[in-house]
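Visitor: So here's entry-v2.cif, just mmCIF, C-alpha atoms:
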data_entry
#
loop_
_atom_site.label_atom_id
_atom_site.label_comp_id
_atom_site.auth_asym_id
_atom_site.auth_seq_id
_atom_site.Cartn_x
_atom_site.Cartn_y
_atom_site.Cartn_z
CA MET A 2 115.38 86.00 230.24
CA PRO A 3 118.17 85.26 227.69
CA TYR A 4 121.06 87.69 227.44
CA SER A 5 121.27 90.14 224.58
CA VAL A 6 124.64 90.57 222.88
CA SER A 7 125.45 93.52 225.16
CA GLY A 8 124.28 91.48 228.14
CA LEU A 9 126.69 88.68 227.25
CA VAL A 10 129.57 91.14 227.04
CA LEU A 11 128.63 92.57 230.43
CA ALA A 12 128.41 89.08 231.87
CA LEU A 13 131.90 88.31 230.66
CA LEU A 14 133.24 91.55 232.14
CA ILE A 15 131.77 90.99 235.59
CA GLY A 16 132.70 87.30 235.61
CA LEU A 17 129.33 85.54 235.72
CA PRO A 18 129.54 81.70 235.64
CA ALA A 19 130.01 80.13 232.19
CA ALA A 20 126.61 78.45 232.36
CA ALA A 21 124.94 81.85 232.71
CA GLN A 22 126.73 83.07 229.58
CA THR A 23 125.26 80.37 227.31
CA PRO A 24 122.12 81.56 225.50
CA PRO A 25 119.16 79.19 225.88
CA ILE A 26 117.83 77.09 222.99
CA PHE A 27 114.14 77.61 222.25
CA GLN A 28 111.79 75.13 220.59
CA PRO A 29 108.87 76.97 218.99
CA GLY A 30 105.48 75.88 220.28
CA ALA A 31 102.42 74.99 218.27
CA PRO A 32 100.29 77.91 217.04
CA GLY A 33 98.88 79.73 220.05
CA THR A 34 101.26 78.11 222.52
CA ALA A 35 104.48 79.35 224.07
CA SER A 36 107.98 78.24 223.13
CA ARG A 37 109.95 76.11 225.57
CA THR A 38 113.60 75.97 226.49
CA ILE A 39 115.43 72.75 225.60
CA THR A 40 118.93 71.42 226.25
CA ALA A 41 121.63 71.04 223.61
CA ALA A 42 121.18 67.25 223.78
CA GLU A 43 117.43 67.60 223.20
CA SER A 44 118.14 69.89 220.25
CA VAL A 45 120.36 67.26 218.64
CA GLU A 46 117.75 64.57 219.23
CA LEU A 47 115.01 66.73 217.72
CA SER A 48 117.15 67.33 214.63
CA ARG A 49 117.07 63.58 214.05
CA THR A 50 113.28 63.60 213.76
CA THR A 51 112.98 66.26 211.06
CA PHE A 52 113.60 63.87 208.17
CA THR A 53 111.05 62.42 205.78
CA ALA A 54 110.80 59.08 204.01
CA ALA A 55 112.00 60.86 200.87
CA ASP A 56 115.08 62.10 202.75
CA ALA A 57 115.97 58.57 203.88
CA GLY A 58 115.37 57.18 200.39
CA PHE A 59 117.60 59.87 198.92
CA MET A 60 120.46 58.95 201.25
CA GLN A 61 120.04 55.22 200.55
CA HIS A 62 120.07 55.81 196.80
CA MET A 63 122.95 58.28 196.92
CA ILE A 64 125.14 55.74 198.74
CA VAL A 65 124.73 53.40 195.74
CA HIS A 66 125.26 56.31 193.34
CA HIS A 67 128.50 57.36 195.05
CA ALA A 68 129.72 53.76 195.24
CA GLN A 69 129.69 53.46 191.46
CA ALA A 70 131.74 56.67 191.15
CA VAL A 71 134.33 55.16 193.49
CA GLU A 72 134.32 52.00 191.35
CA MET A 73 134.92 54.10 188.22
CA VAL A 74 137.91 55.80 189.85
CA ALA A 75 139.35 52.40 190.82
CA LEU A 76 139.34 51.50 187.12
CA LEU A 77 140.92 54.86 186.30
CA GLN A 78 143.90 54.14 188.54
CA THR A 79 144.90 51.09 186.47
CA ARG A 80 143.56 51.86 182.98
CA GLY A 81 143.86 55.62 182.51
CA SER A 82 146.88 57.45 181.11
CA ASP A 83 146.47 61.16 181.82
CA PRO A 84 147.98 62.19 185.20
CA THR A 85 145.70 65.22 185.54
CA VAL A 86 142.62 63.04 185.07
CA ALA A 87 144.06 60.55 187.57
CA ARG A 88 144.53 63.27 190.21
CA LEU A 89 141.02 64.56 189.67
CA GLY A 90 139.65 61.04 189.95
CA GLN A 91 141.49 60.47 193.21
CA ARG A 92 139.98 63.64 194.70
CA ILE A 93 136.53 62.49 193.59
CA SER A 94 137.06 59.08 195.17
CA LEU A 95 138.25 60.51 198.49
CA SER A 96 135.35 62.96 198.73
CA GLN A 97 132.71 60.41 197.76
CA ASP A 98 134.10 57.81 200.17
CA ALA A 99 133.84 60.41 202.96
CA GLU A 100 130.30 61.28 201.91
CA ILE A 101 129.28 57.61 201.87
CA ALA A 102 130.46 57.36 205.50
CA LEU A 103 128.48 60.51 206.36
CA MET A 104 125.32 59.17 204.71
CA ARG A 105 125.63 55.81 206.45
CA GLU A 106 126.03 57.54 209.83
CA TRP A 107 123.03 59.79 209.08
CA LEU A 108 120.83 56.77 208.34
CA GLN A 109 122.06 54.77 211.33
CA ALA A 110 121.50 57.69 213.72
CA ARG A 111 117.89 57.84 212.56
CA GLY A 112 117.25 54.10 212.70
CA GLN A 113 116.95 53.76 208.93
CA PRO A 114 118.19 50.84 206.79
CA LEU A 115 121.39 51.45 204.84
CA ASP A 116 120.25 49.58 201.73
CA MET A 117 117.73 51.01 199.34
CA PRO A 118 114.69 48.71 199.15
CA ASP A 119 113.97 49.27 195.45
CA ALA A 120 117.37 48.85 193.81
CA HIS A 121 115.83 47.23 190.75
CA ALA A 122 112.31 48.65 190.91
CA GLY A 123 111.24 50.12 187.61
CA HIS A 124 114.51 49.24 185.90
CA GLY A 125 113.57 46.12 183.98
CA ALA A 126 114.19 43.58 186.71
CA HIS A 127 111.64 41.28 188.28
CA ALA A 128 111.53 37.81 189.73
CA GLY A 129 113.45 35.35 187.59
CA HIS A 130 114.73 37.98 185.16
CA ALA A 131 118.04 39.86 185.06
CA MET A 132 118.14 43.63 184.94
CA ASP A 133 118.48 45.13 181.45
CA PRO A 134 122.24 45.70 180.99
CA ASN A 135 121.51 48.88 179.03
CA VAL A 136 119.46 50.49 181.80
CA ALA A 137 121.10 52.25 184.73
CA VAL A 138 119.86 51.69 188.27
CA MET A 139 119.17 55.42 188.75
CA ALA A 140 119.71 58.91 187.35
CA GLY A 141 123.16 59.55 185.95
CA MET A 142 124.63 56.18 186.82
CA LEU A 143 126.33 54.16 184.10
CA SER A 144 124.43 51.10 182.95
CA PRO A 145 126.07 47.67 183.38
CA ALA A 146 126.90 47.73 179.66
CA GLN A 147 128.56 51.15 179.98
CA MET A 148 130.60 49.94 182.94
CA GLN A 149 131.76 46.94 180.90
CA THR A 150 132.79 49.23 178.05
CA LEU A 151 134.69 51.45 180.47
CA ALA A 152 136.48 48.48 182.05
CA ALA A 153 137.52 47.20 178.62
CA ALA A 154 139.10 50.52 177.55
CA SER A 155 142.57 51.79 178.33
CA GLY A 156 144.82 54.80 177.74
CA PRO A 157 143.38 58.02 176.26
CA ALA A 158 140.21 56.21 175.19
CA PHE A 159 139.58 55.26 178.82
CA ASP A 160 140.24 58.82 180.01
CA ARG A 161 137.66 60.18 177.59
CA LEU A 162 135.07 57.56 178.58
CA PHE A 163 135.78 58.18 182.25
CA LEU A 164 135.34 61.94 181.99
CA SER A 165 132.16 61.76 179.92
CA GLY A 166 130.77 59.08 182.24
CA MET A 167 131.64 60.99 185.40
CA ILE A 168 130.11 64.20 184.02
CA GLN A 169 126.92 62.20 183.44
CA HIS A 170 127.26 60.73 186.93
CA HIS A 171 127.70 64.10 188.65
CA GLN A 172 124.79 65.62 186.76
CA GLY A 173 122.63 62.71 187.86
CA ALA A 174 123.51 63.42 191.50
CA ILE A 175 122.53 67.07 191.06
CA ASP A 176 119.25 65.98 189.46
CA MET A 177 118.59 63.70 192.45
CA VAL A 178 119.15 66.63 194.83
CA ASN A 179 116.78 68.83 192.83
CA ALA A 180 114.15 66.08 192.85
CA LEU A 181 114.42 65.77 196.63
CA MET A 182 114.12 69.51 197.15
CA ALA A 183 110.91 69.48 195.11
CA GLU A 184 109.33 67.06 197.62
CA PRO A 185 107.15 68.94 200.15
CA GLY A 186 108.67 68.94 203.64
CA SER A 187 111.89 67.25 202.54
CA ALA A 188 115.52 68.40 202.86
CA GLU A 189 114.81 70.26 206.11
CA ASP A 190 117.06 68.10 208.29
CA PRO A 191 120.07 70.35 209.12
CA LEU A 192 122.77 67.78 208.29
CA LEU A 193 121.02 66.70 205.12
CA SER A 194 120.53 70.32 204.06
CA ASP A 195 124.24 71.02 204.46
CA PHE A 196 125.12 67.83 202.60
CA ILE A 197 122.98 68.50 199.54
CA ALA A 198 124.27 72.07 199.34
CA SER A 199 127.84 70.71 199.18
CA VAL A 200 126.83 68.12 196.56
CA ILE A 201 125.51 70.83 194.26
CA ALA A 202 128.49 73.15 194.79
CA ASP A 203 131.25 70.53 194.57
CA GLN A 204 129.87 68.47 191.74
CA SER A 205 128.92 71.51 189.64
CA ALA A 206 132.53 72.74 189.94
CA GLU A 207 133.89 69.29 189.07
CA ILE A 208 131.64 69.06 186.02
CA LEU A 209 133.15 72.28 184.67
CA ARG A 210 136.66 70.98 185.37
CA MET A 211 135.98 67.66 183.65
CA GLN A 212 134.41 69.36 180.63
CA SER A 213 137.57 71.43 180.29
CA LEU A 214 139.80 68.35 180.54
CA LEU A 215 137.65 66.39 178.09
CA SER A 216 137.87 69.16 175.49
CA ALA A 217 141.68 69.05 175.74
CA LEU A 218 142.04 65.28 175.21
#
What is this structure when it is put down as structure tokens?
Guide:
Amino acid sequence: MPYSVSGLVLALLIGLPAAAQTPPIFQPGAPGTASRTITAAESVELSRTTFTAADAGFMQHMIVHHAQAVEMVALLQTRGSDPTVARLGQRISLSQDAEIALMREWLQARGQPLDMPDAHAGHGAHAGHAMDPNVAVMAGMLSPAQMQTLAAASGPAFDRLFLSGMIQHHQGAIDMVNALMAEPGSAEDPLLSDFIASVIADQSAEILRMQSLLSAL
């Protein structure tokens, strides 16, 4: 029988072995069947099987989404003029680089491909034809034409384009999270659940900060 909280305290006081002080991990059984005790390693392995195809697709798409944000910040470092915008951009780049690494590890641990299979699906591209330069690959991302306009700007004009584009970009990421959460059975993987919660919190806060900076330029 697992220890209660008071039982654990008593165990510590009387010096029971450390193994006896660790509460067991239970896996609920199917309806009408008993739960079973599993090891910590089994618990980790089971957590890797709670994802859906929509979860994997979300991670694959979000890697591409984040990569464009990092590309935008790289332009900011050489073409922008406002130091406050530059510092904000650097924080965005560092956080999104770290999240790209997390998403890649999540996919690899679950045996999923890193690349999204439908990068151009539904966006004006098909065999023998280039993608429409005015259409973004996915929600919130800048289109190829918008990226060209951003790369051609400099100084305060660049800062304004960067902030408006990154606000659009962040909102697109939040929209992608909301779309995933609307899928039945999705977003239940523990690591994925934590990740999308941080995306909503961090990017919502950054949107407010960028709106404030944009209004002051």
Visitor: Extract, using all atoms listed in the file, all DNA, RNA and protein residues at most 12 Å from Thr53 (chain A), discarding same-chain residues fewer than 2 positions from it, and format them as a list in words.
Guide: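 What passes the distance filter is Ser48, Arg49, Thr50, Thr51, Ala55, Asp56, Ala57, Gly58, Phe59, Met60, Leu108, Arg111, Gln113, Leu181, Met182, Glu184, Pro185, Gly186, Ser187, Ala188, Glu189, Asp190 and Leu193 of chain A.
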Visitor: Those residues with C-alpha atoms, as a PDB file, in the frame of the given file please?
Guide:
ATOM      1  CA  SER A  48     117.150  67.330 214.630  1.00  0.00           C
ATOM      2  CA  ARG A  49     117.070  63.580 214.050  1.00  0.00           C
ATOM      3  CA  THR A  50     113.280  63.600 213.760  1.00  0.00           C
ATOM      4  CA  THR A  51     112.980  66.260 211.060  1.00  0.00           C
ATOM      5  CA  ALA A  55     112.000  60.860 200.870  1.00  0.00           C
ATOM      6  CA  ASP A  56     115.080  62.100 202.750  1.00  0.00           C
ATOM      7  CA  ALA A  57     115.970  58.570 203.880  1.00  0.00           C
ATOM      8  CA  GLY A  58     115.370  57.180 200.390  1.00  0.00           C
ATOM      9  CA  PHE A  59     117.600  59.870 198.920  1.00  0.00           C
ATOM     10  CA  MET A  60     120.460  58.950 201.250  1.00  0.00           C
ATOM     11  CA  LEU A 108     120.830  56.770 208.340  1.00  0.00           C
ATOM     12  CA  ARG A 111     117.890  57.840 212.560  1.00  0.00           C
ATOM     13  CA  GLN A 113     116.950  53.760 208.930  1.00  0.00           C
ATOM     14  CA  LEU A 181     114.420  65.770 196.630  1.00  0.00           C
ATOM     15  CA  MET A 182     114.120  69.510 197.150  1.00  0.00           C
ATOM     16  CA  GLU A 184     109.330  67.060 197.620  1.00  0.00           C
ATOM     17  CA  PRO A 185     107.150  68.940 200.150  1.00  0.00           C
ATOM     18  CA  GLY A 186     108.670  68.940 203.640  1.00  0.00           C
ATOM     19  CA  SER A 187     111.890  67.250 202.540  1.00  0.00           C
ATOM     20  CA  ALA A 188     115.520  68.400 202.860  1.00  0.00           C
ATOM     21  CA  GLU A 189     114.810  70.260 206.110  1.00  0.00           C
ATOM     22  CA  ASP A 190     117.060  68.100 208.290  1.00  0.00           C
ATOM     23  CA  LEU A 193     121.020  66.700 205.120  1.00  0.00           C
TER      24      LEU A 193
END
Visitor: May I ask for the distance between CA of Ile93 (chain A) and CA of Ala158 (chain A), given in Å to one decimal place?
Guide: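 CA of Ala158 (chain A) lies 19.8 Å from CA of Ile93 (chain A).
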Visitor: Measuring atom to atom with all atoms listed in the file, identify which of A:Ala75, A:Leu95, A:Val65, A:Ala202 is nearest to Ala140 (chain A).
Guide: A:Val65
Visitor: Show me the residues around (143.4, 65.0, 185.2) - criterion: an atom at most 10 Å away, all atoms listed in the file counted - as a CSV table (one decimal) with C-alpha atoms, in the frame of the given file.
Guide:
chain,number,residue,atom,x,y,z
A,81,GLY,CA,143.9,55.6,182.5
A,82,SER,CA,146.9,57.4,181.1
A,83,ASP,CA,146.5,61.2,181.8
A,84,PRO,CA,148.0,62.2,185.2
A,85,THR,CA,145.7,65.2,185.5
A,86,VAL,CA,142.6,63.0,185.1
A,87,ALA,CA,144.1,60.6,187.6
A,88,ARG,CA,144.5,63.3,190.2
A,89,LEU,CA,141.0,64.6,189.7
A,90,GLY,CA,139.6,61.0,190.0
A,91,GLN,CA,141.5,60.5,193.2
A,160,ASP,CA,140.2,58.8,180.0
A,164,LEU,CA,135.3,61.9,182.0
A,210,ARG,CA,136.7,71.0,185.4
A,211,MET,CA,136.0,67.7,183.6
A,213,SER,CA,137.6,71.4,180.3
A,214,LEU,CA,139.8,68.4,180.5
A,215,LEU,CA,137.6,66.4,178.1
Visitor: Can you list, as a ChimeraX atom specification, the residues that the PyMOL selection byres ((chain A and resi 96) around 12) selects here?
Guide: /A:67-68,70-71,74,89-95,97-103,196,199-200,203-204,207
Visitor: Would you work out the distance separating CA of Gly112 (chain A) from CA of Ala54 (chain A), expressed in Å to one decimal?
Guide: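 Taking CA of Gly112 (chain A) and CA of Ala54 (chain A), their separation equals 11.9 Å.
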Visitor: Take CA of Asp133 (chain A) and CA of Asp116 (chain A) and report the distance between them in Å, one decimal.
Guide: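 One can read the CA of Asp133 (chain A) to CA of Asp116 (chain A) distance as 20.8 Å.
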Visitor: To test your reading of the syntax: which residues would the PyMOL selection byres ((chain A and resi 141) around 12) return for the file shown? Reply as a PDB file with C-alpha atoms, keeping the file's coordinate frame.
Guide:
ATOM      1  CA  HIS A  62     120.070  55.810 196.800  1.00  0.00           C
ATOM      2  CA  MET A  63     122.950  58.280 196.920  1.00  0.00           C
ATOM      3  CA  VAL A  65     124.730  53.400 195.740  1.00  0.00           C
ATOM      4  CA  HIS A  66     125.260  56.310 193.340  1.00  0.00           C
ATOM      5  CA  HIS A  67     128.500  57.360 195.050  1.00  0.00           C
ATOM      6  CA  GLN A  69     129.690  53.460 191.460  1.00  0.00           C
ATOM      7  CA  ALA A  70     131.740  56.670 191.150  1.00  0.00           C
ATOM      8  CA  VAL A 136     119.460  50.490 181.800  1.00  0.00           C
ATOM      9  CA  ALA A 137     121.100  52.250 184.730  1.00  0.00           C
ATOM     10  CA  VAL A 138     119.860  51.690 188.270  1.00  0.00           C
ATOM     11  CA  MET A 139     119.170  55.420 188.750  1.00  0.00           C
ATOM     12  CA  ALA A 140     119.710  58.910 187.350  1.00  0.00           C
ATOM     13  CA  MET A 142     124.630  56.180 186.820  1.00  0.00           C
ATOM     14  CA  LEU A 143     126.330  54.160 184.100  1.00  0.00           C
ATOM     15  CA  SER A 144     124.430  51.100 182.950  1.00  0.00           C
ATOM     16  CA  GLN A 147     128.560  51.150 179.980  1.00  0.00           C
ATOM     17  CA  SER A 165     132.160  61.760 179.920  1.00  0.00           C
ATOM     18  CA  GLY A 166     130.770  59.080 182.240  1.00  0.00           C
ATOM     19  CA  MET A 167     131.640  60.990 185.400  1.00  0.00           C
ATOM     20  CA  ILE A 168     130.110  64.200 184.020  1.00  0.00           C
ATOM     21  CA  GLN A 169     126.920  62.200 183.440  1.00  0.00           C
ATOM     22  CA  HIS A 170     127.260  60.730 186.930  1.00  0.00           C
ATOM     23  CA  HIS A 171     127.700  64.100 188.650  1.00  0.00           C
ATOM     24  CA  GLN A 172     124.790  65.620 186.760  1.00  0.00           C
ATOM     25  CA  GLY A 173     122.630  62.710 187.860  1.00  0.00           C
ATOM     26  CA  ALA A 174     123.510  63.420 191.500  1.00  0.00           C
ATOM     27  CA  ILE A 175     122.530  67.070 191.060  1.00  0.00           C
ATOM     28  CA  ASP A 176     119.250  65.980 189.460  1.00  0.00           C
ATOM     29  CA  MET A 177     118.590  63.700 192.450  1.00  0.00           C
TER      30      MET A 177
END
Visitor: Provide an axis-aligned box for all listed atoms of region 86-94 of chain A, padding each side by 3 Å; report its centre and its edge lengths in Å to one decimal, as lines of an AutoDock Vina configuration file.
Guide:
center_x = 140.5
center_y = 61.8
center_z = 190.1
size_x = 14.0
size_y = 11.5
size_z = 16.1
Visitor: Go through A:Ile208, A:Leu192, A:Leu115, A:Met73 one by one, measure the shortest atom-to-atom distance of each to Thr150 (chain A) using only C-alpha atoms, and give the residue with the smallest value.
Guide: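 Checking each of A:Ile208, A:Leu192, A:Leu115, A:Met73 against Thr150 (chain A), counting only C-alpha atoms, the winner is A:Met73.
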